[in-house]
Amino acid sequence: MNYAKAIEGLGLTHDQFVDLCILLGCDYCDTIRGIGPKTALKLVREHKCIERILENIDHKKYSVPDSYTPNEARESKRKKEKESKEEKNYNTDDEGKESDEGKESAAEPKDEDEEAGELVPVYVEARRLFNEHEVLTSEDLGGTLKWSPCKAEELTKFLVDEMGFSAERVTANIERLQKAHKAMSKPQARMDSFFKPKAAPNAAKLAAKRKAAKEAGTKAKKAKKGGGGFFGKKRR
C-alpha cells in the first residue's frame, strides 16, 4: 500500500489524516462519541483539523471527552464548585459560622490544576506521538530480529510509567504475548492435522434417498421402453 496515494485518494494532507486517525480511535486518547468513520472523514475534509471541528460541532449531539477540552472542563468544574459553595453559604443560618467558613475557604490551598497553568488537550499529545514516534532502524537492531521472551518488567515500565498506557491493558497484552511466544516455541504441527474430514450428520439418509431416486428413474425408463401393443409388446 502506498501511503502518499492513499491520503491523496482521501483528499487529505498528512496532518489531516493524523487527525482522522485520532477521531477514529487510537491507543493515545478517547474518541468523540457519536462520530464514526463517515462523519469523521466528512468533518476533517470540511474543517481541516480537530480544533476547528470542536468549534463547529454540536456538543449536545456529540459527547466530547473533557480531555479534548481540558481548560474548559477545568473552568466549568471551578464554576460549579464556586456556585455550590455560594449556595451552601446562602443557606447557612448562623452568620458567624458563615464567616468562619469563608475564612477557612480562603485559607485552603489552591487546586493543583490551577497551579499547573494551561493544560494541553490530549489529541495534541496524540499528534506528537503519531509524528514523532521512536523508530528503530535495522542498524539499531544489528541487522537481525529475533523473537525472544519479552522482558515484562522493562516493558511495563516503558509503556505505563513513560508512555502513560493503562497498567491493566499492558499487563493483559503482555500475558497474551507470553502465551503466543510459548505456543510458537512448540514444534510446528503437520498441515493435515488442521484438516479432518467430517461426515455429514445425515449422510446415510441422503445416500438412501439418492439410491431410491436412481432406482425409480431406472424403472420409469424401462416402463417407457416396453410400452405399446398388447401385453406390453409392440405390434409388428
# chains A, B, ... in the order shown; residues from 1 in each chain; ligands from 1
$ residues_around --residues "Leu24 (chain A)" --least-positions-apart "2" --cutoff "12 Å" --atoms "only C-alpha atoms" --output "list in words"
Phe17, Val18, Asp19, Leu20, Cys21, Ile22, Cys26, Asp27, Tyr28, Cys29, Asp30, Thr31, Ile32, Arg33, Gly34, Ile35, Gly36, Pro37, Lys38, Thr39, Ala40, Leu41, Leu43, Val44, Ile50 and Tyr123 of chain A
$ write_last_selection --atoms "N, CA and C atoms" --output "CSV table (one decimal), in the first residue's frame"
chain,number,residue,atom,x,y,z
A,17,PHE,N,-4.9,13.6,7.9
A,17,PHE,CA,-5.0,12.1,8.1
A,17,PHE,C,-4.7,11.7,9.5
A,18,VAL,N,-3.8,12.3,10.1
A,18,VAL,CA,-3.4,12.0,11.5
A,18,VAL,C,-4.7,12.4,12.4
A,19,ASP,N,-5.3,13.5,12.2
A,19,ASP,CA,-6.4,13.9,12.9
A,19,ASP,C,-7.6,12.9,12.7
A,20,LEU,N,-7.7,12.4,11.5
A,20,LEU,CA,-8.7,11.5,11.2
A,20,LEU,C,-8.5,10.2,12.0
A,21,CYS,N,-7.3,9.7,12.0
A,21,CYS,CA,-6.9,8.5,12.8
A,21,CYS,C,-7.3,8.7,14.3
A,22,ILE,N,-7.0,9.9,14.8
A,22,ILE,CA,-7.3,10.2,16.2
A,22,ILE,C,-8.8,10.1,16.5
A,26,CYS,N,-7.5,5.6,18.6
A,26,CYS,CA,-6.2,5.2,18.7
A,26,CYS,C,-5.9,4.9,20.2
A,27,ASP,N,-4.7,4.4,20.5
A,27,ASP,CA,-4.3,4.0,21.8
A,27,ASP,C,-4.0,5.2,22.7
A,28,TYR,N,-3.9,6.4,22.1
A,28,TYR,CA,-3.4,7.5,22.9
A,28,TYR,C,-4.5,8.3,23.5
A,29,CYS,N,-5.7,8.2,23.0
A,29,CYS,CA,-6.7,9.1,23.6
A,29,CYS,C,-8.1,8.5,23.3
A,30,ASP,N,-9.1,9.1,24.0
A,30,ASP,CA,-10.5,8.6,23.7
A,30,ASP,C,-11.0,9.2,22.4
A,31,THR,N,-12.2,8.7,22.0
A,31,THR,CA,-12.8,9.2,20.8
A,31,THR,C,-14.0,10.1,21.2
A,32,ILE,N,-14.5,10.8,20.2
A,32,ILE,CA,-15.7,11.6,20.5
A,32,ILE,C,-16.9,10.7,20.1
A,33,ARG,N,-17.7,10.5,21.2
A,33,ARG,CA,-18.9,9.6,21.0
A,33,ARG,C,-19.9,10.2,20.0
A,34,GLY,N,-20.3,9.3,19.0
A,34,GLY,CA,-21.2,9.8,18.0
A,34,GLY,C,-20.6,10.1,16.7
A,35,ILE,N,-19.3,10.1,16.7
A,35,ILE,CA,-18.6,10.4,15.4
A,35,ILE,C,-17.9,9.1,14.9
A,36,GLY,N,-18.5,8.5,13.8
A,36,GLY,CA,-18.0,7.3,13.2
A,36,GLY,C,-17.1,7.6,12.0
A,37,PRO,N,-16.7,6.6,11.3
A,37,PRO,CA,-15.8,6.8,10.2
A,37,PRO,C,-16.3,7.8,9.1
A,38,LYS,N,-17.5,7.7,8.7
A,38,LYS,CA,-18.1,8.6,7.7
A,38,LYS,C,-18.1,10.0,8.1
A,39,THR,N,-18.6,10.2,9.4
A,39,THR,CA,-18.7,11.6,9.9
A,39,THR,C,-17.3,12.2,10.2
A,40,ALA,N,-16.4,11.4,10.6
A,40,ALA,CA,-15.1,11.8,10.9
A,40,ALA,C,-14.4,12.3,9.6
A,41,LEU,N,-14.5,11.6,8.6
A,41,LEU,CA,-13.9,12.0,7.3
A,41,LEU,C,-14.5,13.2,6.8
A,43,LEU,N,-16.0,15.6,8.5
A,43,LEU,CA,-15.6,16.7,9.3
A,43,LEU,C,-14.2,17.2,9.1
A,44,VAL,N,-13.3,16.2,8.9
A,44,VAL,CA,-11.9,16.6,8.6
A,44,VAL,C,-11.8,17.3,7.3
A,50,ILE,N,-8.9,19.1,14.2
A,50,ILE,CA,-9.7,18.8,15.3
A,50,ILE,C,-10.1,20.1,16.0
A,123,TYR,N,-5.5,15.3,22.4
A,123,TYR,CA,-5.3,15.0,21.0
A,123,TYR,C,-4.1,15.6,20.4
$ atom_distance --atom1 "CA of Pro149 (chain A)" --atom2 "CA of Leu136 (chain A)"
18.9 Å
$ atom_distance --atom1 "CA of Val122 (chain A)" --atom2 "CA of Tyr68 (chain A)"
5.7 Å
$ atom_distance --atom1 "CA of Lys61 (chain A)" --atom2 "CA of Lys80 (chain A)"
22.4 Å
$ residues_around --residues "Ile174 (chain A)" --least-positions-apart "6" --cutoff "12 Å" --atoms "only C-alpha atoms" --output "list in words"
Pro149, Cys150, Lys151, Ala152, Glu153, Glu154, Leu155, Thr156, Leu159, Ala167, Glu168, Ala180 and His181 of chain A
$ write_last_selection --atoms "C-alpha atoms" --output "PDB file, in the first residue's frame"
ATOM      1  CA  PRO A 149      10.607 -13.877  25.553  1.00  0.00           C
ATOM      2  CA  CYS A 150       9.536 -10.323  26.405  1.00  0.00           C
ATOM      3  CA  LYS A 151      11.011  -8.564  29.417  1.00  0.00           C
ATOM      4  CA  ALA A 152       7.731  -7.925  31.204  1.00  0.00           C
ATOM      5  CA  GLU A 153       9.094  -5.623  33.898  1.00  0.00           C
ATOM      6  CA  GLU A 154      11.001  -3.377  31.482  1.00  0.00           C
ATOM      7  CA  LEU A 155       8.121  -3.324  29.004  1.00  0.00           C
ATOM      8  CA  THR A 156       5.636  -2.377  31.726  1.00  0.00           C
ATOM      9  CA  LEU A 159       4.602   1.628  28.462  1.00  0.00           C
ATOM     10  CA  ALA A 167      -1.447  -0.739  33.503  1.00  0.00           C
ATOM     11  CA  GLU A 168      -4.314  -3.238  33.215  1.00  0.00           C
ATOM     12  CA  ALA A 180       1.816 -16.637  21.953  1.00  0.00           C
ATOM     13  CA  HIS A 181       5.589 -16.956  22.304  1.00  0.00           C
TER      14      HIS A 181
END
